[in-house]
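Student: Contents of run28.pdb (PDB, C-alpha atoms, pLDDT in the B column) are below:
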```pdb
ATOM      1  CA  MET A   1     -29.703 -20.239   6.803  1.00 46.00           C
ATOM      2  CA  GLY A   2     -28.910 -17.256   4.598  1.00 63.00           C
ATOM      3  CA  GLN A   3     -27.612 -17.430   1.036  1.00 76.00           C
ATOM      4  CA  SER A   4     -24.127 -16.344   2.123  1.00 75.00           C
ATOM      5  CA  GLU A   5     -23.890 -19.190   4.663  1.00 81.00           C
ATOM      6  CA  VAL A   6     -25.000 -21.736   2.065  1.00 84.00           C
ATOM      7  CA  GLN A   7     -22.343 -20.495  -0.347  1.00 85.00           C
ATOM      8  CA  HIS A   8     -19.752 -20.654   2.433  1.00 81.00           C
ATOM      9  CA  ASP A   9     -20.694 -24.252   3.264  1.00 87.00           C
ATOM     10  CA  LEU A  10     -20.531 -25.256  -0.408  1.00 89.00           C
ATOM     11  CA  ALA A  11     -17.175 -23.523  -0.795  1.00 88.00           C
ATOM     12  CA  ARG A  12     -15.805 -25.374   2.256  1.00 87.00           C
ATOM     13  CA  TYR A  13     -17.078 -28.668   0.842  1.00 90.00           C
ATOM     14  CA  TYR A  14     -15.375 -28.079  -2.512  1.00 90.00           C
ATOM     15  CA  GLU A  15     -12.227 -26.922  -0.759  1.00 86.00           C
ATOM     16  CA  GLN A  16     -12.103 -30.222   1.156  1.00 89.00           C
ATOM     17  CA  GLN A  17     -12.614 -32.077  -2.137  1.00 90.00           C
ATOM     18  CA  LYS A  18      -9.605 -30.162  -3.564  1.00 89.00           C
ATOM     19  CA  ASP A  19     -11.883 -28.621  -6.211  1.00 89.00           C
ATOM     20  CA  THR A  20     -10.462 -25.104  -6.104  1.00 86.00           C
ATOM     21  CA  ALA A  21     -12.429 -23.795  -9.076  1.00 88.00           C
ATOM     22  CA  ASN A  22     -15.801 -24.574  -7.474  1.00 89.00           C
ATOM     23  CA  ALA A  23     -14.569 -23.477  -4.036  1.00 88.00           C
ATOM     24  CA  ARG A  24     -13.527 -20.112  -5.429  1.00 87.00           C
ATOM     25  CA  TYR A  25     -16.826 -19.768  -7.306  1.00 90.00           C
ATOM     26  CA  HIS A  26     -18.900 -20.316  -4.159  1.00 88.00           C
ATOM     27  CA  TYR A  27     -16.713 -18.079  -1.988  1.00 87.00           C
ATOM     28  CA  GLU A  28     -17.151 -15.351  -4.597  1.00 89.00           C
ATOM     29  CA  LEU A  29     -20.943 -15.853  -4.632  1.00 87.00           C
ATOM     30  CA  GLY A  30     -20.931 -15.579  -0.835  1.00 86.00           C
ATOM     31  CA  ALA A  31     -19.025 -12.297  -1.061  1.00 89.00           C
ATOM     32  CA  ARG A  32     -21.524 -10.931  -3.569  1.00 87.00           C
ATOM     33  CA  GLU A  33     -24.189 -11.249  -0.884  1.00 86.00           C
ATOM     34  CA  GLY A  34     -22.428  -8.328   0.796  1.00 85.00           C
ATOM     35  CA  THR A  35     -22.003  -9.783   4.279  1.00 85.00           C
ATOM     36  CA  ALA A  36     -18.858  -9.242   6.300  1.00 88.00           C
ATOM     37  CA  ARG A  37     -18.378 -13.001   6.575  1.00 86.00           C
ATOM     38  CA  GLY A  38     -18.776 -13.466   2.816  1.00 88.00           C
ATOM     39  CA  HIS A  39     -16.163 -10.819   2.055  1.00 91.00           C
ATOM     40  CA  SER A  40     -13.868 -12.153   4.758  1.00 90.00           C
ATOM     41  CA  GLU A  41     -14.047 -15.790   3.665  1.00 89.00           C
ATOM     42  CA  TYR A  42     -13.475 -14.908   0.011  1.00 89.00           C
ATOM     43  CA  GLY A  43     -10.613 -12.573   0.918  1.00 89.00           C
ATOM     44  CA  PHE A  44      -8.874 -15.181   3.076  1.00 87.00           C
ATOM     45  CA  TYR A  45      -9.418 -17.830   0.394  1.00 86.00           C
ATOM     46  CA  LEU A  46      -7.853 -15.619  -2.272  1.00 87.00           C
ATOM     47  CA  ASP A  47      -5.019 -14.706   0.080  1.00 86.00           C
ATOM     48  CA  PHE A  48      -4.217 -18.358   0.670  1.00 82.00           C
ATOM     49  CA  PHE A  49      -4.611 -19.497  -2.925  1.00 79.00           C
ATOM     50  CA  SER A  50      -3.580 -16.337  -4.786  1.00 76.00           C
ATOM     51  CA  THR A  51      -1.650 -17.123  -7.909  1.00 76.00           C
ATOM     52  CA  CYS A  52      -1.419 -13.680  -9.446  1.00 81.00           C
ATOM     53  CA  ARG A  53      -1.380  -9.996  -8.590  1.00 86.00           C
ATOM     54  CA  ALA A  54      -5.088  -9.619  -9.454  1.00 88.00           C
ATOM     55  CA  ASP A  55      -5.977 -12.270  -6.845  1.00 87.00           C
ATOM     56  CA  ALA A  56      -3.850 -10.509  -4.224  1.00 88.00           C
ATOM     57  CA  GLU A  57      -5.489  -7.162  -4.994  1.00 91.00           C
ATOM     58  CA  GLU A  58      -8.968  -8.684  -4.839  1.00 91.00           C
ATOM     59  CA  SER A  59      -8.078 -10.483  -1.604  1.00 91.00           C
ATOM     60  CA  PHE A  60      -7.133  -7.213   0.080  1.00 93.00           C
ATOM     61  CA  ARG A  61     -10.240  -5.449  -1.279  1.00 93.00           C
ATOM     62  CA  GLN A  62     -12.461  -8.205   0.122  1.00 93.00           C
ATOM     63  CA  LEU A  63     -10.697  -8.183   3.498  1.00 94.00           C
ATOM     64  CA  LEU A  64     -10.861  -4.385   3.722  1.00 96.00           C
ATOM     65  CA  THR A  65     -14.597  -4.487   2.950  1.00 95.00           C
ATOM     66  CA  ALA A  66     -15.113  -7.129   5.646  1.00 94.00           C
ATOM     67  CA  ALA A  67     -13.007  -5.108   8.117  1.00 96.00           C
ATOM     68  CA  LYS A  68     -15.102  -2.005   7.465  1.00 96.00           C
ATOM     69  CA  GLN A  69     -18.223  -4.096   8.111  1.00 95.00           C
ATOM     70  CA  GLY A  70     -16.801  -5.143  11.486  1.00 94.00           C
ATOM     71  CA  ASP A  71     -15.271  -8.583  10.832  1.00 94.00           C
ATOM     72  CA  LEU A  72     -12.682  -9.000  13.586  1.00 95.00           C
ATOM     73  CA  GLN A  73     -10.329 -11.398  11.774  1.00 94.00           C
ATOM     74  CA  ALA A  74     -10.369  -9.180   8.699  1.00 95.00           C
ATOM     75  CA  GLN A  75      -9.519  -6.136  10.852  1.00 97.00           C
ATOM     76  CA  LEU A  76      -6.488  -7.946  12.242  1.00 95.00           C
ATOM     77  CA  GLU A  77      -5.384  -9.098   8.785  1.00 95.00           C
ATOM     78  CA  VAL A  78      -5.757  -5.591   7.333  1.00 96.00           C
ATOM     79  CA  ALA A  79      -3.779  -4.126  10.258  1.00 97.00           C
ATOM     80  CA  ALA A  80      -0.991  -6.670   9.782  1.00 95.00           C
ATOM     81  CA  THR A  81      -0.918  -6.051   6.024  1.00 95.00           C
ATOM     82  CA  TYR A  82      -0.559  -2.306   6.550  1.00 96.00           C
ATOM     83  CA  GLY A  83       2.110  -3.015   9.155  1.00 94.00           C
ATOM     84  CA  ILE A  84       4.369  -4.955   6.831  1.00 93.00           C
ATOM     85  CA  GLY A  85       3.346  -3.528   3.469  1.00 93.00           C
ATOM     86  CA  THR A  86       3.187  -5.623   0.318  1.00 90.00           C
ATOM     87  CA  LYS A  87       3.495  -5.172  -3.417  1.00 88.00           C
ATOM     88  CA  ILE A  88      -0.234  -4.432  -3.372  1.00 90.00           C
ATOM     89  CA  VAL A  89      -0.565  -2.351  -0.190  1.00 93.00           C
ATOM     90  CA  ARG A  90       1.795   0.449   0.803  1.00 95.00           C
ATOM     91  CA  LYS A  91       3.054   0.220   4.370  1.00 96.00           C
ATOM     92  CA  SER A  92       1.174   2.631   6.638  1.00 96.00           C
ATOM     93  CA  ALA A  93       1.793   2.739  10.367  1.00 97.00           C
ATOM     94  CA  LYS A  94      -1.237   5.007  10.870  1.00 97.00           C
ATOM     95  CA  GLN A  95      -3.539   2.521   9.145  1.00 97.00           C
ATOM     96  CA  GLU A  96      -1.918  -0.339  11.075  1.00 97.00           C
ATOM     97  CA  PHE A  97      -2.654   1.431  14.365  1.00 97.00           C
ATOM     98  CA  PHE A  98      -6.194   2.371  13.269  1.00 98.00           C
ATOM     99  CA  TRP A  99      -7.198  -1.214  12.437  1.00 98.00           C
ATOM    100  CA  TYR A 100      -5.543  -2.724  15.530  1.00 97.00           C
ATOM    101  CA  MET A 101      -7.426  -0.192  17.665  1.00 97.00           C
ATOM    102  CA  LYS A 102     -10.719  -1.159  15.991  1.00 97.00           C
ATOM    103  CA  ALA A 103     -10.065  -4.825  16.812  1.00 97.00           C
ATOM    104  CA  ALA A 104      -8.866  -4.044  20.341  1.00 96.00           C
ATOM    105  CA  ARG A 105     -12.010  -2.075  21.131  1.00 94.00           C
ATOM    106  CA  ARG A 106     -14.022  -5.125  20.134  1.00 93.00           C
ATOM    107  CA  GLY A 107     -12.180  -7.231  22.712  1.00 92.00           C
ATOM    108  CA  SER A 108      -9.486  -8.857  20.583  1.00 94.00           C
ATOM    109  CA  TYR A 109      -6.333  -9.664  22.521  1.00 93.00           C
ATOM    110  CA  MET A 110      -4.344  -9.608  19.272  1.00 95.00           C
ATOM    111  CA  GLY A 111      -5.780  -6.155  18.590  1.00 96.00           C
ATOM    112  CA  ALA A 112      -4.738  -5.011  22.078  1.00 94.00           C
ATOM    113  CA  PHE A 113      -1.284  -6.492  21.481  1.00 94.00           C
ATOM    114  CA  GLY A 114      -1.011  -4.600  18.182  1.00 95.00           C
ATOM    115  CA  VAL A 115      -2.065  -1.321  19.812  1.00 96.00           C
ATOM    116  CA  GLY A 116       0.435  -1.835  22.637  1.00 93.00           C
ATOM    117  CA  ARG A 117       3.207  -2.636  20.186  1.00 93.00           C
ATOM    118  CA  CYS A 118       2.364   0.494  18.160  1.00 96.00           C
ATOM    119  CA  TYR A 119       2.515   2.673  21.284  1.00 95.00           C
ATOM    120  CA  ALA A 120       5.767   1.016  22.391  1.00 92.00           C
ATOM    121  CA  HIS A 121       7.534   1.751  19.103  1.00 92.00           C
ATOM    122  CA  GLY A 122       5.650   4.847  17.948  1.00 95.00           C
ATOM    123  CA  PHE A 123       4.124   3.127  14.900  1.00 95.00           C
ATOM    124  CA  GLY A 124       1.339   5.376  13.617  1.00 96.00           C
ATOM    125  CA  VAL A 125       0.937   7.078  16.976  1.00 96.00           C
ATOM    126  CA  LYS A 126       3.157   9.115  19.279  1.00 95.00           C
ATOM    127  CA  ARG A 127       5.366   6.803  21.348  1.00 93.00           C
ATOM    128  CA  ASP A 128       3.847   6.441  24.808  1.00 91.00           C
ATOM    129  CA  LEU A 129       5.288   3.787  27.091  1.00 89.00           C
ATOM    130  CA  LEU A 130       2.543   4.003  29.693  1.00 86.00           C
ATOM    131  CA  MET A 131      -0.148   3.452  27.073  1.00 89.00           C
ATOM    132  CA  ALA A 132       1.972   0.653  25.623  1.00 90.00           C
ATOM    133  CA  ARG A 133       2.161  -1.012  29.013  1.00 87.00           C
ATOM    134  CA  ALA A 134      -1.570  -0.665  29.614  1.00 88.00           C
ATOM    135  CA  TRP A 135      -2.531  -2.164  26.233  1.00 92.00           C
ATOM    136  CA  LEU A 136       0.087  -4.922  26.434  1.00 90.00           C
ATOM    137  CA  HIS A 137      -1.124  -5.837  29.911  1.00 87.00           C
ATOM    138  CA  ARG A 138      -4.687  -5.952  28.597  1.00 89.00           C
ATOM    139  CA  ALA A 139      -3.565  -8.224  25.744  1.00 91.00           C
ATOM    140  CA  LEU A 140      -1.742 -10.538  28.128  1.00 87.00           C
ATOM    141  CA  VAL A 141      -4.765 -10.822  30.424  1.00 87.00           C
ATOM    142  CA  ARG A 142      -7.235 -11.341  27.556  1.00 88.00           C
ATOM    143  CA  SER A 143      -5.028 -13.998  25.981  1.00 88.00           C
ATOM    144  CA  ARG A 144      -4.764 -15.813  29.319  1.00 86.00           C
ATOM    145  CA  GLY A 145      -0.989 -15.755  29.009  1.00 80.00           C
ATOM    146  CA  ARG A 146      -0.798 -17.153  25.455  1.00 84.00           C
ATOM    147  CA  LEU A 147       1.030 -14.024  24.267  1.00 83.00           C
ATOM    148  CA  GLU A 148       3.706 -14.107  26.951  1.00 84.00           C
ATOM    149  CA  GLY A 149       6.298 -15.908  24.795  1.00 84.00           C
ATOM    150  CA  LEU A 150       5.746 -13.576  21.845  1.00 83.00           C
ATOM    151  CA  MET A 151       5.926 -10.508  24.054  1.00 84.00           C
ATOM    152  CA  GLU A 152       9.049 -11.837  25.769  1.00 83.00           C
ATOM    153  CA  SER A 153      10.776 -12.438  22.407  1.00 83.00           C
ATOM    154  CA  GLN A 154      10.075  -8.845  21.357  1.00 80.00           C
ATOM    155  CA  GLY A 155      11.324  -7.358  24.637  1.00 81.00           C
ATOM    156  CA  LEU A 156       7.869  -6.084  25.541  1.00 81.00           C
ATOM    157  CA  ILE A 157       7.685  -7.811  28.942  1.00 80.00           C
ATOM    158  CA  ASP A 158      10.882  -6.001  29.981  1.00 81.00           C
ATOM    159  CA  LEU A 159       9.391  -2.737  28.712  1.00 80.00           C
ATOM    160  CA  MET A 160       6.242  -3.293  30.788  1.00 79.00           C
ATOM    161  CA  ASP A 161       8.309  -4.005  33.897  1.00 77.00           C
ATOM    162  CA  SER A 162      10.577  -0.981  33.465  1.00 77.00           C
ATOM    163  CA  VAL A 163       7.602   1.357  32.970  1.00 73.00           C
ATOM    164  CA  ALA A 164       5.907  -0.014  36.080  1.00 67.00           C
ATOM    165  CA  GLN A 165       9.037   0.588  38.174  1.00 70.00           C
ATOM    166  CA  ARG A 166       9.371   4.260  37.150  1.00 66.00           C
ATOM    167  CA  LEU A 167       5.802   5.422  37.746  1.00 61.00           C
ATOM    168  CA  PRO A 168       3.637   5.981  40.810  1.00 60.00           C
ATOM    169  CA  ARG A 169       1.850   2.748  41.712  1.00 63.00           C
ATOM    170  CA  HIS A 170      -1.651   4.292  41.691  1.00 59.00           C
ATOM    171  CA  LEU A 171      -1.139   5.561  38.140  1.00 59.00           C
ATOM    172  CA  VAL A 172       0.107   2.228  36.805  1.00 57.00           C
ATOM    173  CA  LYS A 173      -2.718   0.346  38.520  1.00 61.00           C
ATOM    174  CA  ALA A 174      -5.390   2.719  37.170  1.00 62.00           C
ATOM    175  CA  THR A 175      -4.218   2.376  33.576  1.00 59.00           C
ATOM    176  CA  LEU A 176      -4.406  -1.417  33.657  1.00 58.00           C
ATOM    177  CA  HIS A 177      -8.189  -1.215  33.808  1.00 60.00           C
ATOM    178  CA  ASN A 178      -8.653   1.787  31.542  1.00 61.00           C
ATOM    179  CA  PRO A 179      -5.720   2.857  29.322  1.00 58.00           C
ATOM    180  CA  GLY A 180      -7.341   6.221  28.557  1.00 54.00           C
ATOM    181  CA  LEU A 181      -7.575   7.066  32.271  1.00 48.00           C
ATOM    182  CA  TYR A 182      -3.927   7.963  32.723  1.00 44.00           C
ATOM    183  CA  ARG A 183      -4.239  11.043  30.518  1.00 44.00           C
ATOM    184  CA  LEU A 184      -6.469  12.527  33.217  1.00 38.00           C
ATOM    185  CA  ALA A 185      -3.982  11.711  35.941  1.00 39.00           C
ATOM    186  CA  VAL A 186      -0.879  13.263  34.365  1.00 36.00           C
TER     187      VAL A 186
END
```
What is this file in structure tokens?
Tutor:
Amino acid sequence: MGQSEVQHDLARYYEQQKDTANARYHYELGAREGTARGHSEYGFYLDFFSTCRADAEESFRQLLTAAKQGDLQAQLEVAATYGIGTKIVRKSAKQEFFWYMKAARRGSYMGAFGVGRCYAHGFGVKRDLLMARAWLHRALVRSRGRLEGLMESQGLIDLMDSVAQRLPRHLVKATLHNPGLYRLAV
């Protein structure tokens, strides 16, 4: 077991014991090891327990470092943070789209959902309803239907249906398997 994993386990133990000072100390030591997981765990810990602006800034720095190192949960958190904006992070639709696409390419259904939503509304990318439908369909399939209620509440299921009705069947079917394919067909 690596040093980062040991620190993570100790931090979890202290967290369960409600000893936040020692939990924070061990999460921070884990992050200093430089692993994506160490940065991610420390960032999420600070995000949850942040009591001041400095903690919030450090939380985002840790999560961004983990996202750059390929941590999937950190990529989703960074995308969402850019999507809503905070006192610490300026809202950026382009960065939101970028990080959702990174997560989606790694197989995340929430990443695919984020990409589809960005295409549907033109957040950080040119609005493209066919691409939106393809990515939203991919998210729905990958999530095994768990996203259906969320997509329904945002009107995205209706969007997917209306796009499918207006386009040639072969084009819609092709994009469900490979969203980039439709650019060749049109």
Student: Can you list, as a VMD selection string, the residues that the PyMOL selection byres ((chain A and resi 91) around 12) selects here?
Tutor: chain A and resid 78 to 90 92 to 97 123 to 124
Student: Identify all residues satisfying the PyMOL selection byres ((chain A and resi 119) around 10) in the given file; provide them as a compact mmCIF listing (two decimals) with C-alpha atoms, in the coordinates of the input.
Tutor:
```txt
# COMPACT_ATOMS: atom_id res chain seq x y z
CA PHE A 97 -2.65 1.43 14.36
CA PHE A 113 -1.28 -6.49 21.48
CA GLY A 114 -1.01 -4.60 18.18
CA VAL A 115 -2.06 -1.32 19.81
CA GLY A 116 0.44 -1.84 22.64
CA ARG A 117 3.21 -2.64 20.19
CA CYS A 118 2.36 0.49 18.16
CA ALA A 120 5.77 1.02 22.39
CA HIS A 121 7.53 1.75 19.10
CA GLY A 122 5.65 4.85 17.95
CA PHE A 123 4.12 3.13 14.90
CA GLY A 124 1.34 5.38 13.62
CA VAL A 125 0.94 7.08 16.98
CA LYS A 126 3.16 9.12 19.28
CA ARG A 127 5.37 6.80 21.35
CA ASP A 128 3.85 6.44 24.81
CA LEU A 129 5.29 3.79 27.09
CA LEU A 130 2.54 4.00 29.69
CA MET A 131 -0.15 3.45 27.07
CA ALA A 132 1.97 0.65 25.62
CA ARG A 133 2.16 -1.01 29.01
CA ALA A 134 -1.57 -0.66 29.61
CA TRP A 135 -2.53 -2.16 26.23
CA LEU A 136 0.09 -4.92 26.43
```
Student: Just want the 8 Å neighbourhood of segment 138-155 of chain A, counted on all atoms listed in the file, with same-chain residues fewer than 4 positions away dropped. Output as a PyMOL selection string.
Tutor: chain A and resi 108-113+134+159+176-177
Student: Might you spell out which residues the PyMOL selection byres ((chain A and resi 40) around 12) would select in the displayed file, as a ChimeraX atom specification?
Tutor: /A:4,8,27-28,30-39,41-47,58-78
Student: I need the chosen residues saved as a PDB file, keeping the file's coordinate frame, with C-alpha atoms.
Tutor:
```pdb
ATOM      1  CA  SER A   4     -24.127 -16.344   2.123  1.00 75.00           C
ATOM      2  CA  HIS A   8     -19.752 -20.654   2.433  1.00 81.00           C
ATOM      3  CA  TYR A  27     -16.713 -18.079  -1.988  1.00 87.00           C
ATOM      4  CA  GLU A  28     -17.151 -15.351  -4.597  1.00 89.00           C
ATOM      5  CA  GLY A  30     -20.931 -15.579  -0.835  1.00 86.00           C
ATOM      6  CA  ALA A  31     -19.025 -12.297  -1.061  1.00 89.00           C
ATOM      7  CA  ARG A  32     -21.524 -10.931  -3.569  1.00 87.00           C
ATOM      8  CA  GLU A  33     -24.189 -11.249  -0.884  1.00 86.00           C
ATOM      9  CA  GLY A  34     -22.428  -8.328   0.796  1.00 85.00           C
ATOM     10  CA  THR A  35     -22.003  -9.783   4.279  1.00 85.00           C
ATOM     11  CA  ALA A  36     -18.858  -9.242   6.300  1.00 88.00           C
ATOM     12  CA  ARG A  37     -18.378 -13.001   6.575  1.00 86.00           C
ATOM     13  CA  GLY A  38     -18.776 -13.466   2.816  1.00 88.00           C
ATOM     14  CA  HIS A  39     -16.163 -10.819   2.055  1.00 91.00           C
ATOM     15  CA  GLU A  41     -14.047 -15.790   3.665  1.00 89.00           C
ATOM     16  CA  TYR A  42     -13.475 -14.908   0.011  1.00 89.00           C
ATOM     17  CA  GLY A  43     -10.613 -12.573   0.918  1.00 89.00           C
ATOM     18  CA  PHE A  44      -8.874 -15.181   3.076  1.00 87.00           C
ATOM     19  CA  TYR A  45      -9.418 -17.830   0.394  1.00 86.00           C
ATOM     20  CA  LEU A  46      -7.853 -15.619  -2.272  1.00 87.00           C
ATOM     21  CA  ASP A  47      -5.019 -14.706   0.080  1.00 86.00           C
ATOM     22  CA  GLU A  58      -8.968  -8.684  -4.839  1.00 91.00           C
ATOM     23  CA  SER A  59      -8.078 -10.483  -1.604  1.00 91.00           C
ATOM     24  CA  PHE A  60      -7.133  -7.213   0.080  1.00 93.00           C
ATOM     25  CA  ARG A  61     -10.240  -5.449  -1.279  1.00 93.00           C
ATOM     26  CA  GLN A  62     -12.461  -8.205   0.122  1.00 93.00           C
ATOM     27  CA  LEU A  63     -10.697  -8.183   3.498  1.00 94.00           C
ATOM     28  CA  LEU A  64     -10.861  -4.385   3.722  1.00 96.00           C
ATOM     29  CA  THR A  65     -14.597  -4.487   2.950  1.00 95.00           C
ATOM     30  CA  ALA A  66     -15.113  -7.129   5.646  1.00 94.00           C
ATOM     31  CA  ALA A  67     -13.007  -5.108   8.117  1.00 96.00           C
ATOM     32  CA  LYS A  68     -15.102  -2.005   7.465  1.00 96.00           C
ATOM     33  CA  GLN A  69     -18.223  -4.096   8.111  1.00 95.00           C
ATOM     34  CA  GLY A  70     -16.801  -5.143  11.486  1.00 94.00           C
ATOM     35  CA  ASP A  71     -15.271  -8.583  10.832  1.00 94.00           C
ATOM     36  CA  LEU A  72     -12.682  -9.000  13.586  1.00 95.00           C
ATOM     37  CA  GLN A  73     -10.329 -11.398  11.774  1.00 94.00           C
ATOM     38  CA  ALA A  74     -10.369  -9.180   8.699  1.00 95.00           C
ATOM     39  CA  GLN A  75      -9.519  -6.136  10.852  1.00 97.00           C
ATOM     40  CA  LEU A  76      -6.488  -7.946  12.242  1.00 95.00           C
ATOM     41  CA  GLU A  77      -5.384  -9.098   8.785  1.00 95.00           C
ATOM     42  CA  VAL A  78      -5.757  -5.591   7.333  1.00 96.00           C
TER      43      VAL A  78
END
```
Student: Pick from A:Leu29, A:Ala21, A:Ala56, A:Leu156: nearest to Gln7 of chain A, with all atoms listed in the file counted?
Tutor: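 Of A:Leu29, A:Ala21, A:Ala56, A:Leu156, the one nearest Gln7 of chain A, counting all atoms listed in the file, is A:Leu29.
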Student: Do you have the atom CA of Trp99 of chain A-atom CA of His137 of chain A distance handy?
Tutor: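 Going from atom CA of Trp99 of chain A over to atom CA of His137 of chain A covers 19.1 Å.
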Student: Around all listed atoms of segment 14-24 of chain A, padded 8 Å per side, what centre and edge lengths does the axis-aligned box have in Å to one decimal, as AutoDock Vina command-line options?
Tutor:
```
--center_x -12.7 --center_y -26.1 --center_z -4.0 --size_x 22.2 --size_y 28.0 --size_z 26.2
```
Student: Neighbours of Asp9 of chain A within 10 Å (all atoms listed in the file; same-chain residues fewer than 4 positions away dropped), as a count of residues only?
Tutor: 10
Student: I'd like the interatomic distance between atom CA of Lys18 of chain A and atom CA of Cys52 of chain A, to a tenth of an Å.
Tutor: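 Atom-to-atom, atom CA of Lys18 of chain A and atom CA of Cys52 of chain A are spaced 19.3 Å apart.
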Student: Between atom CA of Asn22 of chain A and atom CA of Val6 of chain A, measure the distance and give it in Å to one decimal.
Tutor: 13.6 Å
